[in-house]
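*Asks:* What follows is target-v3.pdb, PDB, C-alpha atoms, pLDDT in the B column.
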MODEL        1
ATOM      1  CA  MET A   1     -27.555 -51.185  -2.227  1.00 69.00           C
ATOM      2  CA  THR A   2     -28.527 -51.351   1.429  1.00 73.00           C
ATOM      3  CA  ARG A   3     -26.101 -50.788   4.258  1.00 69.00           C
ATOM      4  CA  SER A   4     -25.948 -54.489   5.102  1.00 73.00           C
ATOM      5  CA  ASP A   5     -25.237 -55.368   1.443  1.00 78.00           C
ATOM      6  CA  TYR A   6     -22.499 -52.777   1.389  1.00 76.00           C
ATOM      7  CA  VAL A   7     -20.978 -54.039   4.643  1.00 74.00           C
ATOM      8  CA  SER A   8     -20.970 -57.614   3.362  1.00 81.00           C
ATOM      9  CA  THR A   9     -18.733 -56.561   0.433  1.00 85.00           C
ATOM     10  CA  LEU A  10     -16.077 -55.124   2.740  1.00 83.00           C
ATOM     11  CA  PRO A  11     -12.964 -56.951   3.913  1.00 88.00           C
ATOM     12  CA  PRO A  12     -13.212 -58.474   7.410  1.00 88.00           C
ATOM     13  CA  TRP A  13     -11.300 -55.696   9.196  1.00 86.00           C
ATOM     14  CA  ARG A  14     -13.520 -53.066   7.574  1.00 83.00           C
ATOM     15  CA  ARG A  15     -16.679 -54.994   8.505  1.00 80.00           C
ATOM     16  CA  LEU A  16     -15.529 -54.947  12.113  1.00 82.00           C
ATOM     17  CA  LEU A  17     -15.096 -51.173  11.961  1.00 78.00           C
ATOM     18  CA  ALA A  18     -18.513 -50.842  10.328  1.00 74.00           C
ATOM     19  CA  THR A  19     -20.106 -52.829  13.118  1.00 74.00           C
ATOM     20  CA  LEU A  20     -18.475 -50.493  15.604  1.00 77.00           C
ATOM     21  CA  ASN A  21     -20.265 -47.695  13.742  1.00 69.00           C
ATOM     22  CA  TRP A  22     -17.085 -45.952  12.626  1.00 59.00           C
ATOM     23  CA  ARG A  23     -17.442 -43.263  10.044  1.00 60.00           C
ATOM     24  CA  PRO A  24     -15.129 -42.803   7.092  1.00 64.00           C
ATOM     25  CA  VAL A  25     -12.358 -40.302   7.700  1.00 63.00           C
ATOM     26  CA  TYR A  26     -13.729 -38.116   4.916  1.00 61.00           C
ATOM     27  CA  ASP A  27     -16.928 -37.430   6.877  1.00 71.00           C
ATOM     28  CA  ILE A  28     -14.958 -36.554   9.988  1.00 73.00           C
ATOM     29  CA  GLU A  29     -12.686 -34.219   8.049  1.00 74.00           C
ATOM     30  CA  GLN A  30     -15.685 -32.651   6.327  1.00 80.00           C
ATOM     31  CA  ARG A  31     -17.343 -31.932   9.673  1.00 85.00           C
ATOM     32  CA  GLY A  32     -14.063 -30.511  10.968  1.00 85.00           C
ATOM     33  CA  ARG A  33     -13.772 -28.163   7.984  1.00 89.00           C
ATOM     34  CA  GLU A  34     -17.382 -27.109   8.370  1.00 92.00           C
ATOM     35  CA  SER A  35     -16.798 -26.464  12.067  1.00 93.00           C
ATOM     36  CA  GLU A  36     -13.693 -24.390  11.321  1.00 94.00           C
ATOM     37  CA  ARG A  37     -15.562 -22.402   8.672  1.00 95.00           C
ATOM     38  CA  ARG A  38     -18.416 -21.703  11.095  1.00 96.00           C
ATOM     39  CA  THR A  39     -15.982 -20.718  13.829  1.00 96.00           C
ATOM     40  CA  LYS A  40     -14.251 -18.247  11.509  1.00 97.00           C
ATOM     41  CA  GLN A  41     -17.619 -16.859  10.442  1.00 97.00           C
ATOM     42  CA  LEU A  42     -18.673 -16.374  14.069  1.00 97.00           C
ATOM     43  CA  GLU A  43     -15.355 -14.716  14.924  1.00 97.00           C
ATOM     44  CA  SER A  44     -15.776 -12.371  11.980  1.00 97.00           C
ATOM     45  CA  GLU A  45     -19.324 -11.495  13.036  1.00 97.00           C
ATOM     46  CA  PHE A  46     -18.133 -10.934  16.612  1.00 97.00           C
ATOM     47  CA  GLU A  47     -15.346  -8.600  15.463  1.00 97.00           C
ATOM     48  CA  GLN A  48     -17.793  -6.688  13.250  1.00 97.00           C
ATOM     49  CA  ARG A  49     -20.202  -6.235  16.150  1.00 97.00           C
ATOM     50  CA  GLU A  50     -17.387  -5.082  18.407  1.00 97.00           C
ATOM     51  CA  LEU A  51     -16.411  -2.459  15.822  1.00 97.00           C
ATOM     52  CA  GLU A  52     -20.022  -1.309  15.559  1.00 97.00           C
ATOM     53  CA  ARG A  53     -20.282  -1.201  19.360  1.00 97.00           C
ATOM     54  CA  ASP A  54     -17.090   0.852  19.643  1.00 97.00           C
ATOM     55  CA  LYS A  55     -18.351   3.241  16.970  1.00 97.00           C
ATOM     56  CA  ARG A  56     -21.671   3.630  18.790  1.00 97.00           C
ATOM     57  CA  LEU A  57     -19.890   4.207  22.114  1.00 97.00           C
ATOM     58  CA  LYS A  58     -17.811   6.996  20.552  1.00 97.00           C
ATOM     59  CA  GLN A  59     -20.976   8.574  19.152  1.00 97.00           C
ATOM     60  CA  LEU A  60     -22.604   8.400  22.583  1.00 97.00           C
ATOM     61  CA  GLU A  61     -19.543   9.941  24.261  1.00 97.00           C
ATOM     62  CA  ILE A  62     -19.592  12.814  21.767  1.00 97.00           C
ATOM     63  CA  GLU A  63     -23.317  13.290  22.304  1.00 97.00           C
ATOM     64  CA  ASN A  64     -22.909  13.180  26.095  1.00 97.00           C
ATOM     65  CA  SER A  65     -20.154  15.796  26.042  1.00 97.00           C
ATOM     66  CA  ARG A  66     -22.252  18.015  23.751  1.00 97.00           C
ATOM     67  CA  LEU A  67     -25.253  17.685  26.065  1.00 97.00           C
ATOM     68  CA  ALA A  68     -23.071  18.405  29.109  1.00 96.00           C
ATOM     69  CA  ALA A  69     -21.804  21.579  27.440  1.00 96.00           C
ATOM     70  CA  LEU A  70     -25.363  22.673  26.653  1.00 96.00           C
ATOM     71  CA  GLU A  71     -26.476  21.935  30.203  1.00 96.00           C
ATOM     72  CA  SER A  72     -23.570  23.938  31.559  1.00 95.00           C
ATOM     73  CA  ARG A  73     -24.519  26.896  29.349  1.00 95.00           C
ATOM     74  CA  MET A  74     -28.130  26.680  30.456  1.00 94.00           C
ATOM     75  CA  ASP A  75     -27.058  26.640  34.113  1.00 92.00           C
ATOM     76  CA  ALA A  76     -24.855  29.675  33.520  1.00 91.00           C
ATOM     77  CA  LEU A  77     -27.714  31.516  31.811  1.00 91.00           C
ATOM     78  CA  LEU A  78     -30.099  30.684  34.630  1.00 90.00           C
ATOM     79  CA  LEU A  79     -27.621  31.848  37.270  1.00 89.00           C
ATOM     80  CA  SER A  80     -26.980  35.096  35.455  1.00 88.00           C
ATOM     81  CA  ALA A  81     -30.719  35.656  34.987  1.00 81.00           C
ATOM     82  CA  ASP A  82     -31.302  35.084  38.714  1.00 78.00           C
ATOM     83  CA  SER A  83     -28.528  37.427  39.762  1.00 76.00           C
ATOM     84  CA  THR A  84     -29.601  40.237  37.426  1.00 74.00           C
ATOM     85  CA  SER A  85     -33.304  40.085  38.232  1.00 65.00           C
ATOM     86  CA  GLN A  86     -34.336  42.716  40.703  1.00 61.00           C
ATOM     87  CA  THR A  87     -36.187  41.455  43.652  1.00 58.00           C
ATOM     88  CA  PRO A  88     -38.710  43.783  45.237  1.00 57.00           C
ATOM     89  CA  PRO A  89     -37.525  45.214  48.540  1.00 57.00           C
ATOM     90  CA  ALA A  90     -38.685  43.297  51.512  1.00 58.00           C
ATOM     91  CA  THR A  91     -41.219  45.121  53.620  1.00 64.00           C
ATOM     92  CA  GLY A  92     -41.626  44.751  57.337  1.00 58.00           C
ATOM     93  CA  SER A  93     -45.416  44.580  57.231  1.00 56.00           C
ATOM     94  CA  ASN A  94     -47.644  42.334  55.169  1.00 50.00           C
TER      95      ASN A  94
ENDMDL
END
Hey, can you dump this file as structure tokens for me?
*Replies:*
Amino acid sequence: MTRSDYVSTLPPWRRLLATLNWRPVYDIEQRGRESERRTKQLESEFEQRELERDKRLKQLEIENSRLAALESRMDALLLSADSTSQTPPATGSN
């Protein structure tokens, strides 16, 4: 059955709505449910990515503090090596 055949079987008030291109309420509700489902899915994905981001940030903070501690140790070792090395006495003539 074509759309025009279908419309011709409707009561007059429904034909008027059909000519105005109204959709059945079911379609509108279906799109609304689909939209809500997609919104919830996106929110869930967003929350999951935030958790992963927070986890990665904590890992980076731990790594940064570990590297800072190593750098501090290396600086201390270099300073102690410089202070304990004996420099040759300076001579007045070249």
*Asks:* Please return the centre and edge lengths, in Å to one decimal, of a box with edges along x, y and z that contains all listed atoms of segment 9-14 of chain A, widened by 8 Å on every side, as AutoDock Vina command-line options.
*Replies:*
--center_x -15.0 --center_y -55.8 --center_z 4.8 --size_x 23.4 --size_y 21.4 --size_z 24.8
*Asks:* Kindly indicate which residue among A:Arg49, A:Val7, A:Lys40, A:Lys58 lies nearest to Leu20 of chain A, using only C-alpha atoms for the distances.
*Replies:*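 Going through A:Arg49, A:Val7, A:Lys40, A:Lys58 one by one, the smallest distance to Leu20 of chain A is for A:Val7.
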*Asks:* At what distance in Å, to one decimal, does atom CA of Ile28 of chain A lie from atom CA of Leu16 of chain A?
*Replies:*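 One can read the atom CA of Leu16 of chain A to atom CA of Ile28 of chain A distance as 18.5 Å.
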*Asks:* Tell me, in Å to one decimal, how far atom CA of Glu36 of chain A is from atom CA of Arg53 of chain A.
*Replies:* 25.4 Å
